[in-house]
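Here is final_31.cif, consisting of mmCIF, C-alpha atoms:
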```cif
data_my_file
loop_
_atom_site.label_atom_id
_atom_site.label_comp_id
_atom_site.auth_asym_id
_atom_site.auth_seq_id
_atom_site.Cartn_x
_atom_site.Cartn_y
_atom_site.Cartn_z
CA MET A 398 -58.88 102.22 -53.78
CA SER A 399 -57.82 105.68 -52.67
CA SER A 400 -55.44 106.06 -49.77
CA VAL A 401 -56.20 108.57 -47.06
CA PRO A 402 -53.27 110.97 -46.65
CA SER A 403 -51.70 111.05 -43.20
CA PRO A 404 -52.68 114.17 -41.25
CA ILE A 405 -49.01 114.69 -40.38
CA LEU A 406 -46.59 115.27 -43.23
CA PRO A 407 -43.68 112.82 -42.89
CA LYS A 408 -40.49 114.54 -41.74
CA ARG A 409 -38.65 113.57 -44.88
CA LEU A 410 -41.26 115.17 -47.12
CA GLU A 411 -41.35 118.21 -44.87
CA VAL A 412 -37.58 118.70 -45.20
CA LEU A 413 -37.54 117.88 -48.92
CA GLY A 414 -40.46 120.21 -49.58
CA GLY A 415 -39.02 122.94 -47.38
CA LEU A 416 -35.70 122.89 -49.22
CA LEU A 417 -37.40 122.83 -52.62
CA ARG A 418 -39.53 125.76 -51.45
CA ARG A 419 -36.31 127.66 -50.78
CA LEU A 420 -34.96 126.79 -54.21
CA GLY A 421 -38.24 127.67 -55.89
CA THR A 422 -37.94 125.03 -58.59
CA PHE A 423 -40.49 122.40 -57.57
CA ASP A 424 -42.87 121.42 -60.38
CA MET A 425 -44.13 117.90 -60.96
CA SER A 426 -46.53 118.78 -63.77
CA THR A 427 -43.94 118.63 -66.58
CA PHE A 428 -41.16 116.25 -67.57
CA LYS A 429 -38.69 119.09 -67.32
CA GLY A 430 -39.84 119.84 -63.76
CA ARG A 431 -39.50 116.22 -62.72
CA LEU A 432 -36.04 115.99 -64.27
CA ILE A 433 -35.00 119.14 -62.40
CA LEU A 434 -36.26 117.59 -59.13
CA GLN A 435 -34.25 114.40 -59.66
CA LYS A 436 -31.00 116.13 -60.54
CA THR A 437 -31.39 118.83 -57.89
CA VAL A 438 -31.84 116.33 -55.08
CA TYR A 439 -29.05 114.13 -56.45
CA LEU A 440 -26.63 117.06 -56.44
CA MET A 441 -27.84 118.34 -53.08
CA GLN A 442 -27.13 114.95 -51.53
CA SER A 443 -23.70 114.93 -53.20
CA MET A 444 -22.99 118.20 -51.45
CA GLY A 445 -23.81 116.97 -47.97
CA ILE A 446 -27.55 117.42 -47.49
CA PHE A 447 -28.57 113.78 -47.29
CA LEU A 448 -32.25 112.89 -47.46
CA GLY A 449 -31.75 109.17 -47.95
CA TYR A 450 -32.57 108.81 -51.65
CA ARG A 451 -30.70 106.14 -53.64
CA PHE A 452 -30.12 106.83 -57.29
CA ASN A 453 -29.84 104.45 -60.23
CA TRP A 454 -28.62 105.14 -63.74
CA TYR A 455 -31.40 105.88 -66.23
CA VAL A 456 -31.60 107.35 -69.73
CA TYR A 457 -31.61 110.87 -68.32
CA GLY A 458 -28.91 110.20 -65.74
CA PRO A 459 -29.28 109.55 -61.99
CA TYR A 460 -32.85 108.75 -61.02
CA SER A 461 -34.51 107.68 -57.78
CA PRO A 462 -37.91 105.97 -58.06
CA GLU A 463 -38.55 106.73 -54.39
CA LEU A 464 -37.90 110.41 -54.97
CA ALA A 465 -40.29 110.38 -57.92
CA ARG A 466 -42.98 108.88 -55.68
CA HIS A 467 -42.29 111.43 -52.95
CA GLY A 468 -42.35 114.21 -55.54
CA PHE A 469 -45.89 113.28 -56.55
CA GLU A 470 -46.95 112.96 -52.91
CA LEU A 471 -45.42 116.31 -52.14
CA ALA A 472 -47.12 117.96 -55.10
CA GLN A 473 -50.47 117.23 -53.42
CA ARG A 474 -49.40 118.89 -50.21
CA PHE A 475 -46.82 121.43 -51.22
CA HIS A 476 -49.10 124.23 -50.00
CA GLU A 477 -48.63 122.90 -46.44
CA VAL A 478 -44.86 123.26 -46.59
CA GLY A 479 -42.92 126.34 -45.59
CA PRO A 480 -39.23 127.06 -46.28
CA TYR A 481 -37.07 124.70 -44.26
CA GLU A 482 -34.63 126.31 -41.85
CA PHE A 483 -31.62 124.30 -40.75
CA HIS A 484 -30.85 124.15 -37.07
CA GLY A 485 -27.09 124.24 -37.49
CA GLN A 486 -24.62 126.62 -39.10
CA ALA A 487 -22.78 123.76 -40.79
CA HIS A 488 -25.98 122.61 -42.47
CA GLN A 489 -26.82 126.10 -43.58
CA LYS A 490 -23.31 126.52 -45.03
CA ALA A 491 -23.63 123.24 -46.92
CA PHE A 492 -26.92 124.41 -48.40
CA ASP A 493 -25.46 127.82 -49.27
CA ARG A 494 -22.58 126.08 -51.07
CA PHE A 495 -25.10 124.03 -53.01
CA VAL A 496 -27.13 127.11 -54.01
CA GLU A 497 -23.91 128.83 -55.08
CA PHE A 498 -22.94 125.76 -57.09
CA LEU A 499 -26.26 125.84 -58.96
CA GLY A 500 -25.87 129.54 -59.68
CA ASN A 501 -28.11 130.56 -62.57
CA ASN A 502 -28.56 126.94 -63.65
CA ARG A 503 -31.09 125.77 -61.09
CA ARG A 504 -33.83 125.78 -63.76
CA ASN A 505 -31.57 124.57 -66.58
CA PRO A 506 -32.41 120.87 -67.09
CA ILE A 507 -29.61 120.31 -69.62
CA TRP A 508 -26.91 121.65 -67.31
CA LEU A 509 -28.34 119.78 -64.33
CA GLU A 510 -28.53 116.53 -66.29
CA ALA A 511 -24.99 116.92 -67.60
CA VAL A 512 -23.52 117.73 -64.18
CA ALA A 513 -25.40 114.97 -62.35
CA SER A 514 -24.60 112.42 -65.08
CA ILE A 515 -20.89 113.20 -65.07
CA HIS A 516 -20.79 113.06 -61.28
CA PHE A 517 -22.58 109.71 -61.25
CA GLN A 518 -20.35 108.21 -63.94
CA ARG A 519 -17.22 109.48 -62.26
CA LYS A 520 -18.32 108.00 -58.93
CA LEU A 521 -19.14 104.72 -60.64
CA ASN A 522 -15.72 104.39 -62.20
CA THR A 523 -12.99 106.61 -60.83
CA ALA A 524 -10.42 105.00 -63.11
CA LYS A 525 -12.25 106.00 -66.28
CA PRO A 526 -10.39 108.84 -68.03
CA LYS A 527 -12.01 112.26 -68.08
CA GLU A 528 -12.20 112.42 -71.89
CA GLN A 529 -13.91 109.04 -72.03
CA ILE A 530 -16.55 110.13 -69.50
CA LEU A 531 -17.15 113.40 -71.37
CA GLN A 532 -17.50 111.54 -74.65
CA ASP A 533 -19.88 108.97 -73.17
CA ILE A 534 -22.09 111.64 -71.63
CA LYS A 535 -22.04 113.70 -74.84
CA ASN A 536 -23.16 110.64 -76.80
CA LYS A 537 -25.95 109.97 -74.33
CA GLN A 538 -28.20 112.81 -75.46
CA PRO A 539 -28.52 114.61 -78.81
CA TYR A 540 -28.73 117.96 -77.04
CA PHE A 541 -25.39 117.52 -75.24
CA THR A 542 -22.26 118.98 -76.79
CA LEU A 543 -18.69 118.45 -75.73
CA GLU A 544 -18.64 122.07 -74.59
CA ILE A 545 -21.64 121.54 -72.28
CA CYS A 546 -19.98 118.45 -70.86
CA ARG A 547 -16.67 120.25 -70.32
CA ASP A 548 -18.44 123.11 -68.55
CA ALA A 549 -20.25 120.63 -66.36
CA TRP A 550 -16.97 118.84 -65.55
CA ASP A 551 -15.30 122.15 -64.67
CA ALA A 552 -18.18 123.13 -62.39
CA LEU A 553 -17.88 119.82 -60.54
CA GLU A 554 -14.13 120.19 -60.31
CA ARG A 555 -14.39 123.73 -58.93
CA ALA A 556 -16.76 122.45 -56.25
CA SER A 557 -14.32 119.57 -55.46
CA LEU A 558 -16.99 117.00 -56.29
CA LEU A 559 -14.96 114.77 -58.58
CA GLY A 560 -12.83 113.02 -55.99
CA GLY A 561 -13.37 111.08 -52.77
CA GLY A 562 -16.54 109.48 -51.52
CA SER A 563 -20.12 110.33 -52.04
CA VAL A 564 -23.34 109.72 -50.25
CA ASN A 565 -25.71 108.93 -53.11
CA LEU B 976 -18.06 56.25 -57.58
CA THR B 977 -16.24 53.15 -58.77
CA PRO B 978 -16.38 52.70 -62.53
CA VAL B 979 -17.74 49.33 -63.64
CA LEU B 980 -15.38 47.67 -66.12
CA ARG B 981 -17.04 45.28 -68.49
CA LYS B 982 -15.03 42.30 -69.62
CA GLY B 983 -14.13 42.65 -73.28
CA SER B 984 -15.25 46.26 -73.50
CA LYS B 985 -12.72 48.44 -75.36
CA SER B 986 -13.06 51.36 -73.03
CA GLY B 987 -12.82 49.02 -70.06
CA GLN B 988 -9.61 47.53 -71.39
CA LYS B 989 -8.12 50.92 -71.98
CA ARG B 990 -9.08 52.06 -68.51
CA LYS B 991 -7.58 48.90 -67.00
CA GLN B 992 -4.42 49.46 -68.96
CA ALA B 993 -4.26 53.02 -67.83
CA GLU B 994 -4.66 52.00 -64.22
CA GLN B 995 -1.91 49.43 -64.52
CA THR B 996 0.50 51.97 -65.91
CA SER B 997 -0.48 54.67 -63.50
CA PRO B 998 2.44 57.14 -63.36
CA ALA B 999 1.94 57.54 -59.65
CA ASP B 1000 2.65 53.84 -59.14
CA GLN B 1001 5.62 53.69 -61.46
CA GLY B 1002 7.25 57.00 -60.54
CA VAL B 1003 6.81 58.38 -64.04
CA GLN B 1004 6.92 62.15 -64.22
CA VAL B 1005 3.40 63.16 -65.14
CA PHE B 1006 4.18 66.44 -66.76
CA GLY B 1007 7.53 65.65 -68.27
CA LYS B 1008 10.14 68.36 -67.85
CA ALA B 1009 7.76 70.71 -66.10
CA SER B 1010 7.34 68.30 -63.25
CA ARG B 1011 10.90 69.04 -62.16
CA LEU B 1012 9.71 72.58 -61.41
CA GLY B 1013 12.82 74.06 -62.89
CA ALA B 1014 12.35 77.52 -64.39
CA GLY B 1015 15.06 76.95 -67.00
CA ASP B 1016 13.49 73.76 -68.28
CA LEU B 1017 10.08 75.35 -68.36
CA VAL B 1018 11.38 78.24 -70.42
CA ASN B 1019 12.91 75.80 -72.88
CA SER B 1020 9.59 74.07 -73.43
CA ALA B 1021 7.31 77.12 -73.21
CA VAL B 1022 6.65 79.44 -76.12
CA GLY B 1023 6.43 83.17 -75.61
CA VAL B 1024 6.77 83.02 -71.84
CA SER B 1025 9.65 84.82 -70.19
CA GLY B 1026 11.80 83.17 -67.58
CA GLU B 1027 10.93 85.94 -65.11
CA ASP B 1028 7.23 85.25 -65.46
CA LEU B 1029 7.68 81.55 -64.94
CA THR B 1030 9.96 82.07 -61.97
CA SER B 1031 7.41 84.37 -60.35
CA VAL B 1032 4.67 81.81 -60.93
CA LEU B 1033 6.80 79.07 -59.39
CA LEU B 1034 7.67 81.23 -56.42
CA ALA B 1035 3.99 82.04 -55.92
CA VAL B 1036 3.10 78.36 -56.05
CA GLN B 1037 5.88 77.55 -53.61
CA SER B 1038 4.86 80.26 -51.17
CA ALA B 1039 1.21 79.25 -51.43
CA SER B 1040 2.08 75.65 -50.50
CA THR B 1041 4.14 76.87 -47.57
CA GLU B 1042 1.28 79.11 -46.47
CA VAL B 1043 -1.27 76.31 -46.71
CA ALA B 1044 0.99 73.96 -44.76
CA ARG B 1045 1.52 76.59 -42.08
CA ALA B 1046 -2.21 77.32 -41.87
CA GLN B 1047 -2.98 73.61 -41.57
CA ARG B 1048 -0.45 73.26 -38.77
CA THR B 1049 -1.91 76.26 -36.99
CA TYR B 1050 -5.60 75.68 -37.50
CA GLY B 1051 -5.77 71.91 -37.88
CA SER B 1052 -8.31 70.90 -40.47
CA SER B 1053 -10.29 74.16 -40.41
CA ILE B 1054 -10.60 76.22 -43.55
CA VAL B 1055 -8.79 79.52 -43.43
CA SER B 1056 -10.43 82.40 -45.19
CA GLN B 1057 -9.02 85.83 -45.81
CA ILE B 1058 -11.21 88.91 -45.63
CA LYS B 1059 -9.79 92.08 -47.05
CA GLY B 1060 -10.27 95.10 -44.84
CA ARG B 1061 -12.49 97.74 -46.40
CA PRO B 1062 -11.21 101.25 -45.85
CA PRO B 1063 -13.76 103.62 -44.33
CA ARG B 1064 -15.44 105.76 -46.96
CA THR B 1065 -15.10 109.50 -46.66
CA SER B 1066 -18.35 110.94 -45.47
CA LEU B 1067 -19.56 114.08 -47.16
CA ILE B 1068 -22.70 114.36 -45.11
CA ASP B 1069 -23.32 117.59 -43.24
CA TYR B 1070 -27.00 117.00 -42.66
CA PRO B 1071 -28.45 115.21 -40.76
CA THR B 1072 -25.88 115.68 -38.00
CA ILE B 1073 -26.26 112.14 -36.71
CA LEU B 1074 -24.87 110.85 -40.03
CA ALA B 1075 -22.03 113.36 -40.27
CA ARG B 1076 -19.50 111.18 -38.43
CA LEU B 1077 -18.90 113.78 -35.75
CA ASP B 1078 -17.87 112.32 -32.42
CA GLU B 1079 -19.89 114.73 -30.36
CA VAL B 1080 -22.56 117.28 -31.22
CA GLU B 1081 -24.87 119.58 -29.35
CA LEU B 1082 -28.56 119.48 -30.27
CA SER B 1083 -31.80 120.36 -28.60
CA ALA B 1084 -34.22 117.53 -27.89
CA ASP B 1085 -36.48 118.78 -30.69
CA GLN B 1086 -33.60 118.87 -33.18
CA LEU B 1087 -32.55 115.37 -32.21
CA LEU B 1088 -36.13 114.14 -32.54
CA GLU B 1089 -36.35 115.69 -36.00
CA GLU B 1090 -33.12 114.04 -37.15
CA ILE B 1091 -34.14 110.69 -35.68
CA GLU B 1092 -37.48 110.84 -37.46
CA LEU B 1093 -35.81 111.79 -40.75
CA LEU B 1094 -33.40 108.89 -40.42
CA LEU B 1095 -36.12 106.40 -39.50
CA GLU B 1096 -38.13 107.43 -42.57
CA MET B 1097 -35.17 106.68 -44.85
CA GLY B 1098 -35.98 102.99 -44.70
CA GLY B 1099 -34.47 101.04 -41.85
CA PRO B 1100 -34.26 97.26 -41.55
CA ALA B 1101 -36.57 96.68 -44.52
CA SER B 1102 -34.27 98.65 -46.81
CA PRO B 1103 -30.72 97.28 -46.55
CA GLU B 1104 -29.19 100.10 -48.59
CA SER B 1105 -30.49 102.80 -46.29
CA PRO B 1106 -28.76 103.86 -43.09
CA MET B 1107 -30.43 102.28 -40.08
CA LEU B 1108 -30.78 103.75 -36.62
CA TYR B 1109 -29.45 100.81 -34.66
CA SER B 1110 -29.82 102.09 -31.12
CA LEU B 1111 -30.18 105.03 -28.80
CA ARG B 1112 -28.61 104.92 -25.38
CA ILE B 1113 -28.93 107.42 -22.60
CA VAL B 1114 -25.46 108.07 -21.25
CA GLU B 1115 -26.18 110.91 -18.84
CA PRO B 1116 -27.48 110.84 -16.22
CA ALA B 1117 -25.52 107.68 -15.59
CA ARG B 1118 -28.21 106.17 -13.41
CA TRP B 1119 -31.07 107.21 -15.58
CA VAL B 1120 -34.43 105.73 -14.70
CA TRP B 1121 -37.66 105.71 -16.64
CA PRO B 1122 -39.46 109.00 -16.00
CA PRO B 1123 -42.35 108.63 -13.53
CA ASP B 1124 -44.52 111.02 -15.53
CA GLY B 1125 -46.30 109.58 -18.53
CA PRO B 1126 -46.82 105.96 -19.57
CA SER B 1127 -44.57 103.23 -18.19
CA ALA B 1128 -42.17 101.25 -20.40
CA SER B 1129 -44.35 98.17 -20.12
CA ALA B 1130 -47.25 100.09 -21.67
CA ILE B 1131 -45.53 99.92 -25.08
CA GLY B 1132 -46.27 96.22 -25.32
CA LEU B 1133 -42.80 94.71 -25.70
CA THR B 1134 -41.09 91.60 -24.44
CA PRO B 1135 -39.82 91.69 -20.83
CA GLY B 1136 -36.22 91.84 -22.13
CA ARG B 1137 -36.89 94.91 -24.24
CA ILE B 1138 -38.81 96.56 -21.40
CA ALA B 1139 -35.84 95.99 -19.10
CA GLU B 1140 -33.56 97.65 -21.67
CA LEU B 1141 -35.89 100.61 -22.03
CA GLU B 1142 -36.03 101.11 -18.30
CA VAL B 1143 -32.28 101.65 -18.20
CA GLY B 1144 -32.27 103.91 -21.25
CA PHE B 1145 -31.37 101.59 -24.15
CA PHE B 1146 -33.57 101.72 -27.24
CA HIS B 1147 -33.04 98.95 -29.70
CA TYR B 1148 -33.94 99.50 -33.36
CA ASP B 1149 -36.92 97.18 -33.30
CA VAL B 1150 -38.57 99.41 -30.71
CA LEU B 1151 -37.87 102.55 -32.72
CA TYR B 1152 -38.98 101.16 -36.07
CA GLY B 1153 -41.91 99.27 -34.60
CA LEU B 1154 -43.80 102.35 -33.43
CA THR B 1155 -45.74 104.87 -35.49
CA ALA B 1156 -44.30 108.37 -35.90
CA VAL B 1157 -46.78 109.76 -33.37
CA GLU B 1158 -46.03 107.06 -30.79
CA ARG B 1159 -42.31 107.50 -31.30
CA ALA B 1160 -42.46 111.25 -30.91
CA ALA B 1161 -44.41 110.91 -27.65
CA LEU B 1162 -42.12 108.22 -26.28
CA LEU B 1163 -38.86 109.94 -27.20
CA ALA B 1164 -40.06 113.32 -25.95
CA GLN B 1165 -40.85 111.70 -22.61
CA ILE B 1166 -37.44 110.01 -22.45
CA LEU B 1167 -35.29 112.87 -23.67
CA ALA B 1168 -36.89 115.30 -21.25
CA THR B 1169 -34.88 113.71 -18.45
CA ALA B 1170 -31.69 112.89 -20.38
CA SER B 1171 -28.69 115.13 -20.94
CA THR B 1172 -26.41 112.97 -23.14
CA VAL B 1173 -27.43 110.32 -25.64
CA ASP B 1174 -25.39 108.00 -27.85
CA VAL B 1175 -26.88 107.46 -31.30
CA ASN B 1176 -25.66 104.44 -33.26
CA VAL B 1177 -26.38 104.15 -36.96
CA SER B 1178 -25.41 101.23 -39.16
CA VAL B 1179 -24.62 101.94 -42.80
CA THR B 1180 -24.25 99.09 -45.29
CA GLY B 1181 -20.67 98.69 -46.49
CA GLN B 1182 -19.32 101.35 -44.18
CA LEU B 1183 -18.22 101.68 -40.60
CA PRO B 1184 -21.11 102.34 -38.23
CA VAL B 1185 -21.69 105.95 -37.20
CA ARG B 1186 -21.67 106.65 -33.48
CA THR B 1187 -22.49 110.16 -32.34
CA ARG B 1188 -22.65 111.42 -28.78
CA VAL B 1189 -25.37 114.03 -28.56
CA ILE B 1190 -25.24 116.57 -25.76
CA LEU B 1191 -28.79 117.76 -25.29
CA LYS B 1192 -29.00 121.52 -24.90
CA ALA B 1193 -31.92 123.59 -23.74
CA ASP B 1194 -34.16 124.93 -26.55
#
```
As structure tokens, please, write out the structure in this file.
Amino acid sequence: MSSVPSPILPKRLEVLGGLLRRLGTFDMSTFKGRLILQKTVYLMQSMGIFLGYRFNWYVYGPYSPELARHGFELAQRFHEVGPYEFHGQAHQKAFDRFVEFLGNNRRNPIWLEAVASIHFQRKLNTAKPKEQILQDIKNKQPYFTLEICRDAWDALERASLLGGGSVN
Amino acid sequence: LTPVLRKGSKSGQKRKQAEQTSPADQGVQVFGKASRLGAGDLVNSAVGVSGEDLTSVLLAVQSASTEVARAQRTYGSSIVSQIKGRPPRTSLIDYPTILARLDEVELSADQLLEEIELLLEMGGPASPESPMLYSLRIVEPARWVWPPDGPSASAIGLTPGRIAELEVGFFHYDVLYGLTAVERAALLAQILATASTVDVNVSVTGQLPVRTRVILKAD
């Protein structure tokens, strides 16, 4: 049974799609693209742009089944979505900070996975020592090195994302 | 349950014997030296336990009995439970504004509608982990009345109680979540057109609720 798509794009998909349009990284056709979507939205929410996705811990780090579903829905209608413009300066600043945080890594799945995984693990257990987290994350994937993990940790620390609360 | 003691049964005889020599009846100290609750004696009979540790345990026991006795005096036979206060979690949300824990914000009606819709689509009552828009209340004008233009409150098909709330500018979550996006947009646009200040209340599982006063500005 095929479902008829709603004529109006839900607001959440409109905002999600509009922000991904601005980032220019949306691609659901490959595993790499889907991984980038998951980690990008996870990190964006961690930096104050909250779209209501809840993340669990999976093999490749934080993952939201709902976001995966929305990603596929959005892929069908991405052509309808224009770049999303925030209505407040504070929102725009938060998004600018996020874009700055990503830097040249917005299409780098390894960096995104390492950063999101460290952030998630740190949030899960704030008492766990840094070296233990780095070692655990390094051991998680064969393509992670301690150097990648340290860089990821430093990036999170520079953005003040390793302490305090979080919204994910 | 009363145990049945069979005449001549070995276990029955033992049980009977045990009952006859019940320490409680004869004043025998059940736990030997420890029953005197003296830290020094306990240290002498304990292996590898420091006197300080034992003393602290005894003091804790003593203070717990005092506390229980005091609670019983105060609350009669009711059970006293203790709930630890949960400190409010730091919010890092900048967007949407109505989740940012700002006391007061200025938004246009369209911006508020967009944020409300975004929040409602995050899940609501069916998804306990998601933030839930609990209520909207029109604060200004103070004597707000349902706008004469457009459908009346009773046209939404709610109970008389809910209709009465709507007519004075209070929107409970079941009204907001019960409508389709199109119905909601039409209803809220009609309402907000005549309002100037709105209180938005959001409940968030495990955190303090978020209450934001929204001053509606012209587009």
Contact set, chain B to chain A: 9 Å, all atoms listed in the file, as an MDAnalysis selection string: chainID B and resid 1064:1072 1074:1075 1082 1086 1089:1090 1092:1094 1096:1098 1104:1106 1156:1157
Assuming 6 Å of padding per side, give the centre and edge lengths of the axis-aligned box around every listed atom of segment 1133-1150 of chain B, in Å to one decimal and as lines of an AutoDock Vina configuration file.
```
center_x = -37.1
center_y = 97.8
center_z = -25.8
size_x = 23.4
size_y = 24.3
size_z = 27.2
```
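Every protein or nucleic acid residue with an atom no more than 10 Å from segment 534-546 of chain A, counting only C-alpha atoms and leaving out same-chain residues fewer than 2 positions away, appears here: Val456, Tyr457, Gly458, Ile507, Trp508, Glu510, Ala511, Val512, Ser514, Ile515, Gln518, Glu528, Gln529, Ile530, Leu531, Gln532, Asp548, Ala549, Trp550, Asp551 and Ala552 of chain A.
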Write out as a PyMOL selection string each polymer residue whose atoms come within 9 Å of Gly468 of chain A, counting all atoms listed in the file; drop sequence neighbours fewer than 6 positions from it. chain A and resi 410+413-414+423-425+431+434
Taking (-29.3, 101.7, -17.9) as a centre in this file's frame and 10 Å as the limit, can you find every polymer residue with an atom that close, using all atoms listed in the file, and give them as a count of residues only? 17
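Nearest-residue note for Thr1180 of chain B: choosing from B:Ala1164, B:Leu1108, B:Ile1131, B:Leu1151, the minimum distance belongs to B:Leu1108, counting all atoms listed in the file.
With atom CA of Asn501 of chain A on one side and atom CA of His467 of chain A on the other, the separation reads 25.7 Å.
Put simply, the PyMOL selection byres ((chain B and resi 1167) around 10) on this file hits Ser1083, Ala1084, Asp1085, Leu1087, Leu1088, Ile1113, Pro1122, Gly1144, Leu1162, Leu1163, Ala1164, Gln1165, Ile1166, Ala1168, Thr1169, Ala1170, Ser1171, Thr1172, Val1173 and Leu1191 of chain B.
Across the structure, atom CA of Ser461 of chain A and atom CA of Lys436 of chain A are spaced 9.6 Å apart.
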Expand the PyMOL selection byres ((chain A and resi 477) around 12) into the explicit residue set it covers here, and present it as a JSON list (two decimals) with C-alpha atoms, in the coordinates of the input.
```json
[["chain", "number", "residue", "atom", "x", "y", "z"],
["A", 404, "PRO", "CA", -52.68, 114.17, -41.25],
["A", 405, "ILE", "CA", -49.01, 114.69, -40.38],
["A", 406, "LEU", "CA", -46.59, 115.27, -43.23],
["A", 407, "PRO", "CA", -43.68, 112.82, -42.89],
["A", 410, "LEU", "CA", -41.26, 115.17, -47.12],
["A", 411, "GLU", "CA", -41.35, 118.21, -44.87],
["A", 412, "VAL", "CA", -37.58, 118.70, -45.20],
["A", 414, "GLY", "CA", -40.46, 120.21, -49.58],
["A", 415, "GLY", "CA", -39.02, 122.94, -47.38],
["A", 418, "ARG", "CA", -39.53, 125.76, -51.45],
["A", 470, "GLU", "CA", -46.95, 112.96, -52.91],
["A", 471, "LEU", "CA", -45.42, 116.31, -52.14],
["A", 472, "ALA", "CA", -47.12, 117.96, -55.10],
["A", 473, "GLN", "CA", -50.47, 117.23, -53.42],
["A", 474, "ARG", "CA", -49.40, 118.89, -50.21],
["A", 475, "PHE", "CA", -46.82, 121.43, -51.22],
["A", 476, "HIS", "CA", -49.10, 124.23, -50.00],
["A", 478, "VAL", "CA", -44.86, 123.26, -46.59],
["A", 479, "GLY", "CA", -42.92, 126.34, -45.59],
["A", 480, "PRO", "CA", -39.23, 127.06, -46.28],
["A", 481, "TYR", "CA", -37.07, 124.70, -44.26]]
```
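The gap separating atom CA of Ile433 of chain A from atom CA of Asn502 of chain A is 10.2 Å, in Å to one decimal.
If all atoms listed in the file are the atoms counted, then among A:Trp454, A:Arg547, A:Leu499, A:Asn505 the closest residue to Lys520 of chain A is A:Trp454.
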